[in-house]
Number of protein chains: 2
Amino acid sequence: MREVCVIGCGMTKFGELWAKSFRDIFVEAALKAINDGEVDKIDSMYVGTMSSGLFIGQEHIGALMADYLGVAPIPAVRVESACCSSGMALRMGFFDVASGNSDIVLVGGVEKMTDGADVTYALASAADQEYEVYQGVTFPGLYAMIARAHMYRYGTTREQLAAVAVKNHHNGALNPNAQFQREITVEQVINATLVADPLTILDSSPVSDGAACVILASEELAKSLKKPLIKILGSGAATDSLALHQREEITTLKAVRVSAERAYKMAGINPSDVDFAEVHDCFTIAEICILEELGFVEKGKGGLFTEEGHTSLEGKIPVNTSGGLKSKGHPVGATGIAQVFEVVEQLRNNAGKRQIKNAKIGLAQNMGGTGASSVVHILKNVND
Amino acid sequence: MREVCVIGCGMTKFGELWAKSFRDIFVEAALKAINDGEVDKIDSMYVGTMSSGLFIGQEHIGALMADYLGVAPIPAVRVESACCSSGMALRMGFFDVASGNSDIVLVGGVEKMTDGADVTYALASAADQEYEVYQGVTFPGLYAMIARAHMYRYGTTREQLAAVAVKNHHNGALNPNAQFQREITVEQVINATLVADPLTILDSSPVSDGAACVILASEELAKSLKKPLIKILGSGAATDSLALHQREEITTLKAVRVSAERAYKMAGINPSDVDFAEVHDCFTIAEICILEELGFVEKGKGGLFTEEGHTSLEGKIPVNTSGGLKSKGHPVGATGIAQVFEVVEQLRNNAGKRQIKNAKIGLAQNMGGTGASSVVHILKNVND
């Protein structure tokens, strides 16, 4: 396999972008990435989108975006894996370059969720339609069950869940692309409108519009273009049962663990080598479980680890420096590449007020459903 | 890049499969392919599905199918490119094996269209929602415009359009997996219910349920397993404007031509080296245009070429020996892999009553929308 680098990245602000269309926001992010990468051609394109059919009645996203970006007739396809659609799209672009087929690939993610569709119904299509959704449960309810089980089994507290949201809003307040650029407190999280006990609206990521893109190139080409070398050291993906009740134990996110193990193995590193991470905090409990599955802390201790500040900007392993899904926003198909955008910006020492120290190796973990799909990428600044 | 072979294939019967669910039909086809390939493990999986969100309220298809096939936690994603979703999925699986990441990959396609959704609305999501669908045009209307333009520009006749459907029904009558296993006549096609002038219901592919799967392996592994060597010589994909009116000339399917040129180049062959082909005859006019773009006949002569019998089972280049989308059926996400299934069966000399002579090199061309996406694969029996 050829080595693959990220040589450009761009994203829109996340939020309720009512004045911009689905295709507008993709093109905006793509042009930013193309300008950043200073490339004058693209060989192939991959676009992660979760449910544009249900959100806006539009499929055929690869060709649509190639057309509007003005790059047709290049090959372009959409990749769908619920909320990890663009994380998985990155993997497809990675194989395309690694195989030697393409030299320069654009990978993007995009979702337009605020155009009037029934968002809860559309998002529920990531769960098992026959055995979960038909019974009336949607994602807040499913994650609330995981939260209750984690509290019961490991003594995780309500305050520890809230600490995730407080940290991520702190970081998001420093991110000009974030949907919510304001701080919140533990008390505000706990006393906010209850969505599904114990989770409140402030434990939950918002409904968002947005897009993010990266440009991949072979390492050889990246060197010849004199771009900073941000190399993809490892890519791991895994699946699990779609329905939560079919798993052995609902606080264990097996696909996250397996996808991370595969990425660590390909990268030749251990969890302790990771300097910082962007993880899939669609609900506060998700971040806690993911910290455990990625091997940053032992099982059951993710809440305490967060509460003690180890995942803050100054902590031993900063997590979701971008603000995460909670504060930056969660246009579902765009989230995976937006995570990689943040990792690249940190590795380039370009993250402004939220820049962490000694960012050499960053990890991005993107997840679908209640963890039925997970994809992990590990990136390293190899210029030094 | 590593060389890649197809070592197994399987499909369901196509038709109105009311007694079977979306996941049932995928698993049925996947198990057939696994049995045919005699493999006891799969490294990764790609599933082509066009619009399961709109058809049955279910996204997250990669993980769902990995779960129900019992192969989780392997990586599994869905690829969407309208009606060429599974042709594009094959390309993703090809890169995965070619890159050296996976040794054995399952690529499938599946669609369940008869479960009660508004099929015309769902299919229209492959067209430009803002500039075509919103104005009231759907696919029969778009292809009717192409047909009228082809008749005007090149003198293509109503009878020549009908000849495509007659030939494909003849072939489908010999295919036990076909939705319509019966012959039709030119008069029946012309006098059938008008859908969009000049196209009648018998110029149009049907609404279908179905699934098809193939197993890919590196050539090295295929040899060690002593499987017949059906090698993927070339893979080409291309895009064009989604909206028909944005093209320079509406009888020219540029993405088909470019995707074919790319596949021929990778394979190191010319159109005249192709022994037979499966092409995307969603409407009769589509097959005529595609014959021209693939280089089998000069531009404008596709209708006459068909009427003269050159694409029949005994013709100089048999086209749609399976019955094509018209007679075999068109469960949109499944079509691309079902085409490859037919190519592999012909190359193995395993196509029963519709077996052609001297099948050494076969081509599969799968298309989305009115040709905004096209993907071409060229396969060769390399055992001899």
# chains A, B, ... in the order shown; residues from 1 in each chain; ligands from 1
$ residues_around --residues "B:Gly295" --least-positions-apart "6" --cutoff "10 Å" --atoms "only C-alpha atoms" --output "list in words"
Arg257, Ala260, Glu261, Asn270, Pro271 and Ser272 of chain B
$ select_by_dssp --residues "stretch 175-343 of chain B" --states "strand (DSSP E)" --output "list in words"
Leu194, Val195, Ala196, Leu199, Thr200, Asp209, Gly210, Ala211, Ala212, Cys213, Val214, Ile215, Leu216, Ala217, Ser218, Ile230, Lys231, Ile232, Leu233, Gly234, Ser235, Gly236, Ala237, Ala238, Thr239, Phe276, Ala277 and Glu278 of chain B
$ closest_atom_pairs --of "chain A" --to "chain B" --cutoff "7 Å" --atoms "only C-alpha atoms" --output "tab-separated table"
residue	atom	partner	partner_atom	distance
A:Met1	CA	B:Ser99	CA	5.4
A:Ser51	CA	B:Gly53	CA	6.8
A:Gly53	CA	B:Leu54	CA	6.2
A:Leu54	CA	B:Leu54	CA	6.1
A:Gly57	CA	B:Ser125	CA	5.6
A:Gln58	CA	B:Ser125	CA	4.4
A:Glu59	CA	B:Ser125	CA	5.0
A:His60	CA	B:Ala82	CA	4.8
A:Ile61	CA	B:Ser81	CA	7.0
A:Gly62	CA	B:Ser81	CA	6.5
A:Ala63	CA	B:Thr239	CA	5.5
A:Leu64	CA	B:Leu242	CA	5.7
A:Asp67	CA	B:Ser241	CA	5.1
A:Ala72	CA	B:Thr239	CA	5.2
A:Pro73	CA	B:Thr239	CA	4.3
A:Ile74	CA	B:Ala238	CA	5.2
A:Pro75	CA	B:Ala238	CA	4.4
A:Ala76	CA	B:Thr239	CA	6.7
A:Val77	CA	B:Ser81	CA	5.7
A:Arg78	CA	B:Glu80	CA	5.2
A:Val79	CA	B:Val79	CA	4.7
A:Glu80	CA	B:Arg78	CA	5.2
A:Ser81	CA	B:His60	CA	4.9
A:Ala82	CA	B:His60	CA	4.8
A:Met92	CA	B:Met92	CA	6.7
A:Phe95	CA	B:Asp96	CA	5.8
A:Asp96	CA	B:Phe95	CA	5.8
A:Ala98	CA	B:Ser99	CA	5.7
A:Ser99	CA	B:Ser99	CA	3.7
A:Gly100	CA	B:Met1	CA	6.2
A:Ser125	CA	B:Gln58	CA	4.4
A:Ala126	CA	B:His60	CA	5.0
A:Gln129	CA	B:Gln58	CA	6.0
A:Ala237	CA	B:Pro75	CA	5.0
A:Ala238	CA	B:Pro75	CA	4.4
A:Thr239	CA	B:Pro73	CA	4.3
A:Asp240	CA	B:Pro73	CA	5.4
A:Ser241	CA	B:Asp67	CA	5.1
A:Leu242	CA	B:Leu64	CA	5.7
A:Ala255	CA	B:Pro73	CA	6.3
A:Ala372	CA	B:Ala63	CA	6.1
A:Ser373	CA	B:Ala63	CA	6.0
$ write_last_selection --atoms "C-alpha atoms" --output "mmCIF file, in the first residue's frame"
data_model
loop_
_atom_site.group_PDB
_atom_site.id
_atom_site.type_symbol
_atom_site.label_atom_id
_atom_site.label_comp_id
_atom_site.auth_asym_id
_atom_site.auth_seq_id
_atom_site.Cartn_x
_atom_site.Cartn_y
_atom_site.Cartn_z
ATOM 1 C CA MET A 1 0.000 0.000 0.000
ATOM 2 C CA SER A 51 -29.867 10.449 4.641
ATOM 3 C CA GLY A 53 -33.137 11.099 0.578
ATOM 4 C CA LEU A 54 -35.195 11.549 3.734
ATOM 5 C CA GLY A 57 -35.487 14.076 -1.388
ATOM 6 C CA GLN A 58 -32.109 13.910 -3.135
ATOM 7 C CA GLU A 59 -29.912 10.839 -3.706
ATOM 8 C CA HIS A 60 -27.123 10.442 -6.315
ATOM 9 C CA ILE A 61 -24.880 12.695 -4.229
ATOM 10 C CA GLY A 62 -21.535 11.796 -5.780
ATOM 11 C CA ALA A 63 -22.475 12.948 -9.276
ATOM 12 C CA LEU A 64 -24.478 15.918 -7.963
ATOM 13 C CA ASP A 67 -21.326 18.495 -11.152
ATOM 14 C CA ALA A 72 -17.210 16.085 -13.595
ATOM 15 C CA PRO A 73 -16.441 13.683 -15.313
ATOM 16 C CA ILE A 74 -14.226 12.479 -12.433
ATOM 17 C CA PRO A 75 -15.466 9.366 -10.611
ATOM 18 C CA ALA A 76 -17.560 10.405 -7.616
ATOM 19 C CA VAL A 77 -19.681 8.335 -5.233
ATOM 20 C CA ARG A 78 -21.514 8.699 -1.974
ATOM 21 C CA VAL A 79 -20.666 6.545 1.021
ATOM 22 C CA GLU A 80 -23.311 5.948 3.698
ATOM 23 C CA SER A 81 -22.798 4.515 7.121
ATOM 24 C CA ALA A 82 -25.295 6.521 9.187
ATOM 25 C CA MET A 92 -12.597 4.640 0.639
ATOM 26 C CA PHE A 95 -7.773 2.837 -0.379
ATOM 27 C CA ASP A 96 -8.131 4.617 -3.726
ATOM 28 C CA ALA A 98 -3.133 3.575 -1.380
ATOM 29 C CA SER A 99 -3.932 1.183 -4.258
ATOM 30 C CA GLY A 100 -2.216 3.509 -6.734
ATOM 31 C CA SER A 125 -33.251 5.125 10.031
ATOM 32 C CA ALA A 126 -29.759 4.477 11.475
ATOM 33 C CA GLN A 129 -36.271 -0.163 11.649
ATOM 34 C CA ALA A 237 -13.416 0.096 10.814
ATOM 35 C CA ALA A 238 -15.794 -2.368 12.426
ATOM 36 C CA THR A 239 -19.469 -3.234 12.782
ATOM 37 C CA ASP A 240 -21.770 -4.579 15.480
ATOM 38 C CA SER A 241 -25.440 -5.510 15.713
ATOM 39 C CA LEU A 242 -27.626 -2.618 14.624
ATOM 40 C CA ALA A 255 -17.227 -1.893 17.087
ATOM 41 C CA ALA A 372 -23.143 -0.468 15.066
ATOM 42 C CA SER A 373 -20.464 1.108 12.869
#
$ select_by_dssp --residues "stretch 101-252 of chain B" --states "alpha helix (DSSP H)" --output "VMD selection string"
chain B and resid 119 to 124 139 to 154 158 to 172 186 to 191 219 to 224
$ residues_around --residues "B:Val4" --least-positions-apart "3" --cutoff "6 Å" --atoms "only C-alpha atoms" --output "list in words"
Ala217, Ser218, Glu219, Lys231 and Ile232 of chain B
